[in-house]
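Data from coords00.tsv: TSV, C-alpha atoms
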```
chain	number	residue	atom	x	y	z
A	1	MET	CA	-27.81	-10.11	-17.46
A	2	THR	CA	-26.32	-11.31	-20.72
A	3	THR	CA	-23.24	-13.33	-21.64
A	4	ARG	CA	-20.23	-11.15	-22.37
A	5	THR	CA	-18.50	-11.24	-25.73
A	6	THR	CA	-14.86	-12.14	-26.21
A	7	GLY	CA	-14.11	-8.49	-26.98
A	8	GLN	CA	-15.69	-7.37	-23.72
A	9	ARG	CA	-13.72	-9.94	-21.76
A	10	ASP	CA	-10.46	-8.90	-23.43
A	11	ARG	CA	-11.16	-5.23	-22.67
A	12	ALA	CA	-11.97	-6.09	-19.05
A	13	ILE	CA	-8.70	-8.01	-18.64
A	14	HIS	CA	-6.70	-5.21	-20.23
A	15	GLY	CA	-8.40	-2.63	-18.02
A	16	ALA	CA	-7.79	-4.68	-14.89
A	17	LEU	CA	-4.08	-5.00	-15.68
A	18	GLU	CA	-3.79	-1.29	-16.39
A	19	ALA	CA	-5.48	-0.61	-13.05
A	20	ALA	CA	-3.25	-3.03	-11.12
A	21	ARG	CA	-0.19	-0.97	-12.01
A	22	TRP	CA	-1.50	1.81	-9.73
A	23	ALA	CA	-1.62	-0.25	-6.55
A	24	PRO	CA	0.50	0.99	-3.64
A	25	SER	CA	3.77	-0.77	-2.82
A	26	VAL	CA	6.62	-0.31	-0.38
A	27	HIS	CA	8.98	2.39	-1.77
A	28	ASN	CA	6.93	2.14	-4.98
A	29	THR	CA	8.95	-0.96	-5.84
A	30	GLN	CA	5.96	-2.35	-7.80
A	31	PRO	CA	7.08	-5.91	-6.96
A	32	TRP	CA	4.66	-7.74	-9.23
A	33	SER	CA	4.22	-9.14	-12.68
A	34	PHE	CA	1.14	-10.44	-14.47
A	35	ALA	CA	0.38	-13.12	-17.04
A	36	VAL	CA	-2.78	-13.82	-19.00
A	37	SER	CA	-3.99	-17.20	-20.24
A	38	GLY	CA	-7.46	-17.15	-21.73
A	39	ASP	CA	-9.79	-15.73	-19.08
A	40	GLU	CA	-7.26	-16.12	-16.27
A	41	ILE	CA	-4.91	-13.47	-14.86
A	42	SER	CA	-1.92	-14.64	-12.82
A	43	VAL	CA	-0.52	-12.28	-10.19
A	44	ARG	CA	3.12	-13.03	-9.48
A	45	ALA	CA	5.58	-11.68	-6.94
A	46	ASP	CA	8.70	-10.22	-8.53
A	47	VAL	CA	11.31	-11.30	-5.98
A	48	ASP	CA	14.01	-9.28	-7.74
A	49	ARG	CA	12.21	-6.21	-6.37
A	50	LYS	CA	12.03	-7.47	-2.80
A	51	LEU	CA	13.77	-5.45	-0.09
A	52	ARG	CA	16.36	-8.02	0.90
A	53	MET	CA	17.45	-6.11	4.02
A	54	GLY	CA	14.22	-4.38	5.06
A	55	ASP	CA	11.85	-7.20	4.08
A	56	PRO	CA	13.74	-10.51	4.13
A	57	SER	CA	10.57	-12.55	4.77
A	58	GLY	CA	8.74	-10.96	1.83
A	59	ARG	CA	5.91	-9.75	4.05
A	60	GLU	CA	5.80	-6.25	2.57
A	61	LEU	CA	6.22	-7.69	-0.92
A	62	LEU	CA	3.11	-9.85	-0.50
A	63	ILE	CA	1.15	-6.98	1.05
A	64	SER	CA	1.99	-4.96	-2.07
A	65	CYS	CA	0.90	-7.84	-4.32
A	66	GLY	CA	-2.29	-8.19	-2.29
A	67	ALA	CA	-3.07	-4.53	-3.00
A	68	ALA	CA	-2.61	-5.20	-6.73
A	69	LEU	CA	-4.87	-8.24	-6.45
A	70	PHE	CA	-7.70	-6.24	-4.89
A	71	THR	CA	-7.27	-3.61	-7.61
A	72	ILE	CA	-7.74	-6.29	-10.28
A	73	ARG	CA	-10.84	-7.58	-8.51
A	74	THR	CA	-12.33	-4.10	-8.32
A	75	ALA	CA	-11.56	-3.25	-11.94
A	76	LEU	CA	-13.14	-6.47	-13.18
A	77	ARG	CA	-16.28	-5.84	-11.16
A	78	CYS	CA	-16.45	-2.33	-12.58
A	79	GLU	CA	-16.45	-3.96	-16.02
A	80	GLY	CA	-19.33	-6.22	-15.00
A	81	PHE	CA	-17.43	-9.47	-14.37
A	82	GLU	CA	-17.32	-11.47	-11.16
A	83	PRO	CA	-13.66	-12.25	-10.32
A	84	ILE	CA	-13.01	-15.81	-9.15
A	85	VAL	CA	-9.87	-15.70	-7.02
A	86	ARG	CA	-7.52	-18.44	-5.87
A	87	VAL	CA	-4.82	-17.26	-3.47
A	88	LEU	CA	-1.49	-19.14	-3.46
A	89	PRO	CA	-2.96	-21.85	-5.70
A	90	ASP	CA	0.23	-23.82	-6.35
A	91	PRO	CA	2.61	-24.76	-3.49
A	92	ASP	CA	5.28	-25.60	-6.05
A	93	ARG	CA	5.19	-22.03	-7.41
A	94	PRO	CA	5.64	-19.80	-4.33
A	95	SER	CA	5.87	-16.65	-6.44
A	96	LEU	CA	2.37	-17.21	-7.83
A	97	VAL	CA	0.38	-15.00	-5.49
A	98	ALA	CA	-3.06	-15.60	-7.00
A	99	THR	CA	-5.05	-16.37	-10.09
A	100	VAL	CA	-8.13	-14.38	-11.05
A	101	THR	CA	-10.58	-15.89	-13.51
A	102	LEU	CA	-13.39	-13.94	-15.13
A	103	GLY	CA	-16.67	-15.36	-13.88
A	104	GLY	CA	-20.21	-14.58	-14.85
A	105	PRO	CA	-21.71	-11.12	-15.35
A	106	VAL	CA	-22.59	-9.02	-12.31
A	107	GLU	CA	-24.41	-5.76	-11.74
A	108	VAL	CA	-21.96	-3.13	-10.51
A	109	ASP	CA	-23.02	-1.36	-7.32
A	110	GLU	CA	-22.21	2.30	-6.75
A	111	HIS	CA	-19.83	1.51	-3.90
A	112	THR	CA	-17.63	-0.58	-6.20
A	113	ARG	CA	-17.73	2.15	-8.83
A	114	ASP	CA	-16.62	4.68	-6.21
A	115	LEU	CA	-13.63	2.51	-5.36
A	116	GLY	CA	-12.78	1.99	-9.02
A	117	ARG	CA	-12.75	5.73	-9.71
A	118	GLN	CA	-10.02	6.23	-7.11
A	119	ILE	CA	-7.52	3.67	-8.43
A	120	GLU	CA	-5.49	6.18	-10.45
A	121	ARG	CA	-6.26	9.14	-8.16
A	122	ARG	CA	-4.92	7.67	-4.92
A	123	ARG	CA	-1.52	8.96	-3.80
A	124	THR	CA	0.73	8.27	-0.83
A	125	HIS	CA	1.31	11.30	1.39
A	126	ARG	CA	4.68	11.87	3.06
A	127	ALA	CA	4.21	14.80	5.43
A	128	GLY	CA	1.79	16.26	7.97
A	129	PHE	CA	-1.89	16.93	7.39
A	130	THR	CA	-4.19	19.89	7.76
A	131	ASP	CA	-6.20	20.34	10.96
A	132	LEU	CA	-9.39	19.23	9.21
A	133	PRO	CA	-10.76	16.17	11.04
A	134	VAL	CA	-11.40	12.76	9.54
A	135	PRO	CA	-15.09	12.05	10.25
A	136	ASP	CA	-15.83	9.26	12.72
A	137	ARG	CA	-18.41	7.84	10.33
A	138	LEU	CA	-15.73	7.44	7.68
A	139	LEU	CA	-13.39	5.73	10.15
A	140	ASP	CA	-16.18	3.30	10.99
A	141	ALA	CA	-16.70	2.62	7.29
A	142	LEU	CA	-12.96	2.04	6.78
A	143	THR	CA	-12.89	-0.51	9.60
A	144	ARG	CA	-15.76	-2.37	7.91
A	145	GLU	CA	-13.89	-2.37	4.60
A	146	ALA	CA	-10.82	-3.93	6.22
A	147	ARG	CA	-12.95	-6.51	8.00
A	148	ALA	CA	-14.50	-7.55	4.69
A	149	GLU	CA	-11.02	-8.67	3.56
A	150	GLY	CA	-10.16	-10.58	6.73
A	151	ALA	CA	-8.10	-7.86	8.42
A	152	LYS	CA	-8.69	-5.39	11.24
A	153	LEU	CA	-8.22	-1.63	11.02
A	154	THR	CA	-7.97	0.06	14.42
A	155	PRO	CA	-7.83	3.85	14.76
A	156	VAL	CA	-5.59	4.55	17.76
A	157	GLY	CA	-7.62	6.79	20.05
A	158	SER	CA	-5.44	6.93	23.14
A	159	PRO	CA	-2.82	9.74	23.09
A	160	GLU	CA	-0.51	7.46	25.08
A	161	ALA	CA	-0.81	4.70	22.50
A	162	VAL	CA	-0.22	7.17	19.66
A	163	GLU	CA	2.95	8.33	21.41
A	164	ILE	CA	4.12	4.72	21.77
A	165	VAL	CA	3.64	4.09	18.05
A	166	ALA	CA	5.39	7.36	17.20
A	167	ALA	CA	8.30	6.62	19.54
A	168	LEU	CA	8.79	3.16	18.04
A	169	THR	CA	8.71	4.69	14.55
A	170	ARG	CA	11.35	7.25	15.56
A	171	ALA	CA	13.55	4.60	17.15
A	172	ALA	CA	13.32	2.38	14.07
A	173	GLN	CA	14.04	5.25	11.69
A	174	GLU	CA	17.10	6.30	13.67
A	175	ALA	CA	18.41	2.74	13.84
A	176	GLN	CA	17.86	2.14	10.14
A	177	SER	CA	19.44	5.47	9.21
A	178	ALA	CA	22.57	4.37	11.07
A	179	ASP	CA	22.67	1.10	9.12
A	180	ARG	CA	24.62	1.74	5.93
A	181	VAL	CA	23.29	-1.31	4.07
A	182	LEU	CA	19.66	-0.51	4.90
A	183	THR	CA	20.22	3.10	3.91
A	184	LEU	CA	21.63	2.06	0.55
A	185	GLU	CA	18.60	-0.14	-0.03
A	186	VAL	CA	16.26	2.80	0.54
A	187	ILE	CA	18.38	5.02	-1.69
A	188	ARG	CA	18.10	2.43	-4.46
A	189	TRP	CA	14.39	3.29	-4.69
A	190	ALA	CA	14.80	7.07	-4.52
A	191	ARG	CA	14.56	8.88	-7.87
A	192	PRO	CA	16.59	12.08	-8.37
A	193	PRO	CA	14.92	15.10	-9.98
A	194	GLY	CA	14.44	14.62	-13.71
A	195	SER	CA	14.90	10.85	-13.55
A	196	ALA	CA	13.24	8.86	-16.33
A	197	ARG	CA	12.76	5.83	-14.10
A	198	THR	CA	9.20	4.57	-13.74
A	199	ASP	CA	9.53	3.04	-10.29
A	200	GLY	CA	10.70	4.23	-6.90
A	201	VAL	CA	9.82	7.44	-5.06
A	202	PRO	CA	10.06	10.63	-7.17
A	203	ALA	CA	11.89	13.64	-5.77
A	204	ASP	CA	8.68	15.68	-6.01
A	205	ALA	CA	6.69	13.18	-3.95
A	206	TYR	CA	7.79	14.49	-0.55
A	207	PRO	CA	8.61	17.88	1.02
A	208	ARG	CA	12.18	19.10	1.07
A	209	THR	CA	11.82	19.96	4.74
A	210	ALA	CA	8.87	18.35	6.45
A	211	PRO	CA	7.68	20.07	9.65
A	212	HIS	CA	7.40	17.83	12.68
A	213	THR	CA	4.00	16.58	13.69
A	214	ASP	CA	3.17	16.22	17.38
A	215	PRO	CA	3.95	13.48	18.17
A	216	HIS	CA	6.51	13.18	15.42
A	217	PHE	CA	6.29	10.38	12.86
A	218	PRO	CA	9.47	10.50	10.75
A	219	GLN	CA	9.44	9.73	7.06
A	220	ARG	CA	12.08	7.82	5.14
A	221	ASP	CA	15.10	9.86	4.14
A	222	TYR	CA	14.78	9.36	0.39
A	223	ALA	CA	16.83	12.49	-0.35
A	224	TRP	CA	19.82	11.32	1.76
A	225	ARG	CA	22.13	14.35	1.84
A	226	HIS	CA	20.65	15.81	-1.33
A	227	GLU	CA	18.48	18.92	-1.62
A	228	TRP	CA	15.64	16.94	-3.13
A	229	GLY	CA	11.94	17.32	-2.43
A	230	VAL	CA	9.41	20.08	-3.03
A	231	GLU	CA	8.94	23.36	-1.21
A	232	GLY	CA	5.79	24.10	0.73
A	233	GLY	CA	3.56	22.18	3.06
A	234	GLN	CA	4.96	23.96	6.11
A	235	GLU	CA	1.49	24.83	7.33
A	236	GLN	CA	0.45	21.17	7.47
A	237	THR	CA	1.61	19.88	10.83
A	238	ALA	CA	-1.28	17.74	12.09
A	239	THR	CA	-0.57	14.06	12.74
A	240	GLY	CA	-3.98	12.95	11.53
A	241	VAL	CA	-5.56	9.71	12.71
A	242	VAL	CA	-3.05	6.98	13.50
A	243	ALA	CA	-4.40	3.58	12.47
A	244	LEU	CA	-3.06	0.04	12.67
A	245	LEU	CA	-3.90	-2.69	10.18
A	246	THR	CA	-3.59	-6.11	11.80
A	247	THR	CA	-4.34	-9.79	11.16
A	248	ARG	CA	-4.93	-12.65	13.58
A	249	GLY	CA	-2.11	-14.73	12.13
A	250	ASP	CA	1.08	-13.99	10.27
A	251	THR	CA	1.00	-16.37	7.31
A	252	ARG	CA	1.60	-15.58	3.66
A	253	GLU	CA	-2.16	-15.82	3.07
A	254	GLU	CA	-2.75	-13.22	5.76
A	255	TRP	CA	-0.12	-10.90	4.32
A	256	ILE	CA	-1.96	-11.02	1.01
A	257	ALA	CA	-5.27	-10.45	2.79
A	258	ALA	CA	-3.73	-7.44	4.56
A	259	GLY	CA	-2.72	-6.00	1.19
A	260	GLN	CA	-6.22	-6.42	-0.17
A	261	ALA	CA	-7.68	-4.82	2.95
A	262	LEU	CA	-5.18	-1.98	2.73
A	263	GLN	CA	-6.09	-1.10	-0.84
A	264	ARG	CA	-9.80	-1.36	-0.08
A	265	VAL	CA	-9.36	1.08	2.82
A	266	LEU	CA	-7.21	3.47	0.81
A	267	LEU	CA	-9.62	3.65	-2.11
A	268	LEU	CA	-12.62	4.42	0.09
A	269	ALA	CA	-10.59	6.99	2.02
A	270	CYS	CA	-9.53	8.63	-1.24
A	271	ALA	CA	-13.16	8.77	-2.38
A	272	HIS	CA	-13.84	10.94	0.70
A	273	GLY	CA	-10.81	13.19	0.28
A	274	VAL	CA	-8.65	11.45	2.88
A	275	SER	CA	-5.02	10.49	2.22
A	276	ALA	CA	-2.68	8.10	3.98
A	277	ALA	CA	0.94	8.30	5.09
A	278	PHE	CA	2.69	5.00	5.80
A	279	HIS	CA	5.25	4.16	8.49
A	280	THR	CA	6.65	0.65	8.16
A	281	GLN	CA	10.01	1.24	9.86
A	282	ALA	CA	9.11	-0.38	13.20
A	283	LEU	CA	7.43	-3.30	11.43
A	284	GLU	CA	10.72	-4.13	9.71
A	285	MET	CA	12.45	-4.77	13.06
A	286	TYR	CA	11.29	-7.98	14.72
A	287	HIS	CA	11.56	-6.90	18.35
A	288	LEU	CA	9.73	-3.61	17.76
A	289	ARG	CA	7.00	-5.31	15.75
A	290	GLU	CA	6.60	-7.90	18.49
A	291	PHE	CA	6.36	-5.16	21.12
A	292	LEU	CA	3.60	-3.52	19.10
A	293	ARG	CA	1.80	-6.85	18.74
A	294	GLN	CA	1.81	-7.57	22.45
A	295	GLU	CA	1.41	-4.10	23.95
A	296	VAL	CA	-0.70	-2.16	21.43
A	297	CYS	CA	-2.36	-4.58	18.98
A	298	GLY	CA	-4.01	-6.98	21.41
A	299	HIS	CA	-1.69	-9.80	20.26
A	300	GLU	CA	-2.76	-9.43	16.62
A	301	TYR	CA	0.03	-9.05	14.08
A	302	PRO	CA	0.60	-5.49	12.87
A	303	GLN	CA	0.88	-5.36	9.08
A	304	MET	CA	0.73	-1.60	8.48
A	305	ILE	CA	1.04	1.61	10.45
A	306	MET	CA	-0.57	4.60	8.79
A	307	ARG	CA	-1.76	8.12	9.43
A	308	LEU	CA	-5.01	9.24	7.82
A	309	GLY	CA	-5.75	12.89	7.18
A	310	ILE	CA	-6.69	15.62	4.77
A	311	THR	CA	-4.13	17.43	2.63
A	312	PHE	CA	-4.37	19.85	-0.25
A	313	ASP	CA	-1.01	18.83	-1.67
A	314	GLU	CA	-1.11	16.99	-4.98
A	315	GLY	CA	1.05	13.93	-4.66
A	316	SER	CA	3.32	12.69	-7.43
A	317	THR	CA	3.94	9.13	-8.51
A	318	VAL	CA	5.20	7.03	-11.40
A	319	ARG	CA	4.32	3.58	-12.68
A	320	ARG	CA	5.91	1.09	-15.03
A	321	SER	CA	4.13	0.57	-18.34
A	322	LEU	CA	1.90	-2.44	-18.88
A	323	PRO	CA	4.39	-4.20	-21.20
A	324	ASP	CA	7.00	-3.87	-18.42
A	325	VAL	CA	4.88	-5.83	-15.94
A	326	LEU	CA	3.47	-8.46	-18.30
A	327	ASP	CA	5.18	-11.85	-18.61
```
As a first step, turn the structure in this file into structure tokens.
Amino acid sequence: MTTRTTGQRDRAIHGALEAARWAPSVHNTQPWSFAVSGDEISVRADVDRKLRMGDPSGRELLISCGAALFTIRTALRCEGFEPIVRVLPDPDRPSLVATVTLGGPVEVDEHTRDLGRQIERRRTHRAGFTDLPVPDRLLDALTREARAEGAKLTPVGSPEAVEIVAALTRAAQEAQSADRVLTLEVIRWARPPGSARTDGVPADAYPRTAPHTDPHFPQRDYAWRHEWGVEGGQEQTATGVVALLTTRGDTREEWIAAGQALQRVLLLACAHGVSAAFHTQALEMYHLREFLRQEVCGHEYPQMIMRLGITFDEGSTVRRSLPDVLD
């Protein structure tokens, strides 16, 4: 292995920042910004994009930033550089999520390349899935990916447990829909058809009328009394595999680790043609999240509820430009 030139390092940093824009985030808020100083990338939480009602602690914000951090790590490795990461390096700068410094050259393995190829392909799904099964071998691989980042991914096998998770999701969605302030916060991140905004959830990113899965996992009501959404998808009614992403503790470091684990899982799933639908409603209500922790998650802290499955629908998304996220 040879020493990289300045041009190669600059291209690697630019590519990593371009890639980080495509990380998943709650409501596609993209709550991050980046700064570059020499060979160091700073990942910062953009608190102006935090959900002040749905995410007052900033847990979902830091999970989103953790996903962007893992994306940077993966992109740098794909360029042949070892990323040296410091998480929450400065207690006096709480918005500084991490710094990533370009280390020495590394040989890129095919697994990392597979993950890197999915960064711009991955899409969030917001409806049911086809009846095609998710292979058990892939689920095992996804659990190993999460474990590598210090989190635990548990496919929920028991029908009774799946129904509990679905019921809590329904209860949370109904309660939040009745809360005017929470509803307005969700609407803030919903994009009407033809909008030129480069954040939030596009109107063509979810079905106009989503058929119920069994058990039913409701989606957010981004349309809110409007005839937004796309036609089709009525034949996709399977729930898919319900999975819980958990951590042993509930610190800011573990929220960031959960975000890195989430993105690692999503990229490998995407490489095998599997998509994910997210359901964070119950996790935004303390008593429901605590019930999940004690009764379903073995006293680990639930950080994400998702459904994994196969769909033939092409998802839509938007991202802010690189100049918009650079400080």
Inset, instruction - May I ask which of the residues A:Glu235, A:Glu290, A:Glu253, A:Asp204 is the closest one to Glu314 in chain A, counting only C-alpha atoms? - result: A:Asp204
Legend entry - Proximity to Ser42 in chain A - best of A:Val201, A:Ile310, A:Val325, A:Leu139, all atoms listed in the file: A:Val325
Legend entry - Nearest residue to Gly116 in chain A from the set A:Ala258, A:Leu153, A:Ala19, A:Val242 (distances using all atoms listed in the file):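 Between A:Ala258, A:Leu153, A:Ala19, A:Val242, the residue approaching Gly116 in chain A most closely is A:Ala19.
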Inset, instruction - Could you give me, as a list of chain:residue names, the residues that sit within 7 Å of (-1.3, 19.9, 11.0) in the file's coordinates, counting only C-alpha atoms? - result: A:Gly128, A:Phe129, A:Thr130, A:Asp131, A:Thr213, A:Glu235, A:Gln236, A:Thr237, A:Ala238, A:Thr239
Inset, instruction - Could you jot down the CA of Thr29 in chain A to CA of Arg44 in chain A separation for me, Å, one decimal place? - result: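 These atoms are spaced 13.9 Å apart.
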Legend entry - Atom pair CA of Thr6 in chain A / CA of Asp327 in chain A: separation (Å): 21.4 Å
Inset, instruction - Select, from A:Leu283, A:Ala98, A:Leu262, A:Leu267, the residue with the minimum atom-to-atom distance to Arg123 in chain A, counting only C-alpha atoms. - result: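 Of A:Leu283, A:Ala98, A:Leu262, A:Leu267, the one nearest Arg123 in chain A is A:Leu267, counting only C-alpha atoms.
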Inset, instruction - Could you tell me which of A:Asp313, A:Asp136, A:Asp46, A:Glu284 comes closest to Gln176 in chain A if we count all atoms listed in the file? - result: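 Between A:Asp313, A:Asp136, A:Asp46, A:Glu284, the residue approaching Gln176 in chain A most closely is A:Glu284.
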Once you count all atoms listed in the file, which residues end up no further than 7 Å from (-2.4, 10.5, 5.8) in the file's frame, shown as a compact mmCIF listing (two decimals) with C-alpha atoms, in the frame of the given file?
```
# COMPACT_ATOMS: atom_id res chain seq x y z
CA HIS A 125 1.31 11.30 1.39
CA PHE A 129 -1.89 16.93 7.39
CA GLY A 240 -3.98 12.95 11.53
CA VAL A 274 -8.65 11.45 2.88
CA SER A 275 -5.02 10.49 2.22
CA ALA A 276 -2.68 8.10 3.98
CA ALA A 277 0.94 8.30 5.09
CA MET A 306 -0.57 4.60 8.79
CA ARG A 307 -1.76 8.12 9.43
CA LEU A 308 -5.01 9.24 7.82
CA GLY A 309 -5.75 12.89 7.18
CA ILE A 310 -6.69 15.62 4.77
```
Legend entry - Distance of CA of Glu120 in chain A from CA of Gly259 in chain A, expressed in Å to one decimal place: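 Result for CA of Gly259 in chain A versus CA of Glu120 in chain A: 17.1 Å, one decimal.
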Could you give me the centre and size, in Å to one decimal, of an axis-aligned box around all listed atoms of range 222-232 of chain A with 5 Å added on every side, as AutoDock Vina command-line options?
```
--center_x 14.0 --center_y 16.7 --center_z -0.6 --size_x 26.3 --size_y 24.7 --size_z 15.0
```
Distance table requested - range 111-178 of chain A against range 54-60 of chain A, cut-off 12 Å, all atoms listed in the file: one row per qualifying residue with the closest atom pair and its distance in Å to one decimal, ordered by chain and rising residue number, as JSON lines.
```
{"residue": "A:Ala172", "atom": "CA", "partner": "A:Gly54", "partner_atom": "CA", "distance": 11.3}
{"residue": "A:Gln173", "atom": "CA", "partner": "A:Gly54", "partner_atom": "CA", "distance": 11.7}
{"residue": "A:Gln176", "atom": "CA", "partner": "A:Gly54", "partner_atom": "CA", "distance": 9.0}
{"residue": "A:Ser177", "atom": "CA", "partner": "A:Gly54", "partner_atom": "CA", "distance": 11.9}
```
Legend entry - Surrounding residues of Gln219 in chain A excluding itself and chain neighbours under 3 positions, 12 Å, all atoms listed in the file, as a PyMOL selection string: chain A and resi 27+124-128+166+169-170+172-174+176-177+186+205-213+216+222-224+277-282+306-307
Can you write out the residues you just picked, keeping C-alpha atoms, as a short mmCIF file (atom, residue, chain, number, x, y, z; two decimals), in the coordinates of the input?
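Output contents, as saved in result-v4.cif:
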```cif
data_model
loop_
_atom_site.label_atom_id
_atom_site.label_comp_id
_atom_site.auth_asym_id
_atom_site.auth_seq_id
_atom_site.Cartn_x
_atom_site.Cartn_y
_atom_site.Cartn_z
CA HIS A 27 8.98 2.39 -1.77
CA THR A 124 0.73 8.27 -0.83
CA HIS A 125 1.31 11.30 1.39
CA ARG A 126 4.68 11.87 3.06
CA ALA A 127 4.21 14.80 5.43
CA GLY A 128 1.79 16.26 7.97
CA ALA A 166 5.39 7.36 17.20
CA THR A 169 8.71 4.69 14.55
CA ARG A 170 11.35 7.25 15.56
CA ALA A 172 13.32 2.38 14.07
CA GLN A 173 14.04 5.25 11.69
CA GLU A 174 17.10 6.30 13.67
CA GLN A 176 17.86 2.14 10.14
CA SER A 177 19.44 5.47 9.21
CA VAL A 186 16.26 2.80 0.54
CA ALA A 205 6.69 13.18 -3.95
CA TYR A 206 7.79 14.49 -0.55
CA PRO A 207 8.61 17.88 1.02
CA ARG A 208 12.18 19.10 1.07
CA THR A 209 11.82 19.96 4.74
CA ALA A 210 8.87 18.35 6.45
CA PRO A 211 7.68 20.07 9.65
CA HIS A 212 7.40 17.83 12.68
CA THR A 213 4.00 16.58 13.69
CA HIS A 216 6.51 13.18 15.42
CA TYR A 222 14.78 9.36 0.39
CA ALA A 223 16.83 12.49 -0.35
CA TRP A 224 19.82 11.32 1.76
CA ALA A 277 0.94 8.30 5.09
CA PHE A 278 2.69 5.00 5.80
CA HIS A 279 5.25 4.16 8.49
CA THR A 280 6.65 0.65 8.16
CA GLN A 281 10.01 1.24 9.86
CA ALA A 282 9.11 -0.38 13.20
CA MET A 306 -0.57 4.60 8.79
CA ARG A 307 -1.76 8.12 9.43
#
```
Legend entry - Pick from A:Asp179, A:Asp324, A:Glu110, A:Glu82, whichever lies nearest to Arg4 in chain A using only C-alpha atoms: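 Between A:Asp179, A:Asp324, A:Glu110, A:Glu82, the residue approaching Arg4 in chain A most closely is A:Glu82.
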For range 198-248 of chain A against range 140-148 of chain A, with a cut-off of 10 Å and counting only C-alpha atoms, what is the closest atom pair and its distance in Å to one decimal for every residue that makes the cut, ordered by chain and number, as a Markdown table?
```
| residue | atom | partner | partner_atom | distance |
| --- | --- | --- | --- | --- |
| A:Ala243 | CA | A:Thr143 | CA | 9.9 |
| A:Leu245 | CA | A:Ala146 | CA | 8.1 |
| A:Thr246 | CA | A:Ala146 | CA | 9.4 |
| A:Thr247 | CA | A:Arg147 | CA | 9.7 |
```
Inset, instruction - Compile the contact shell of Leu62 in chain A as a list in words: residues with an atom at most 6 Å away, counting all atoms listed in the file, same-chain residues fewer than 3 positions apart removed. - result: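 Near neighbours after the sequence-gap exclusion: Arg59, Cys65, Gly66, Trp255 and Ile256 of chain A.
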Legend entry - 9 Å contact set for Asp39 in chain A, only C-alpha atoms, chain neighbours under 4 positions out, as a ChimeraX atom specification: /A:9-10,13,100-103
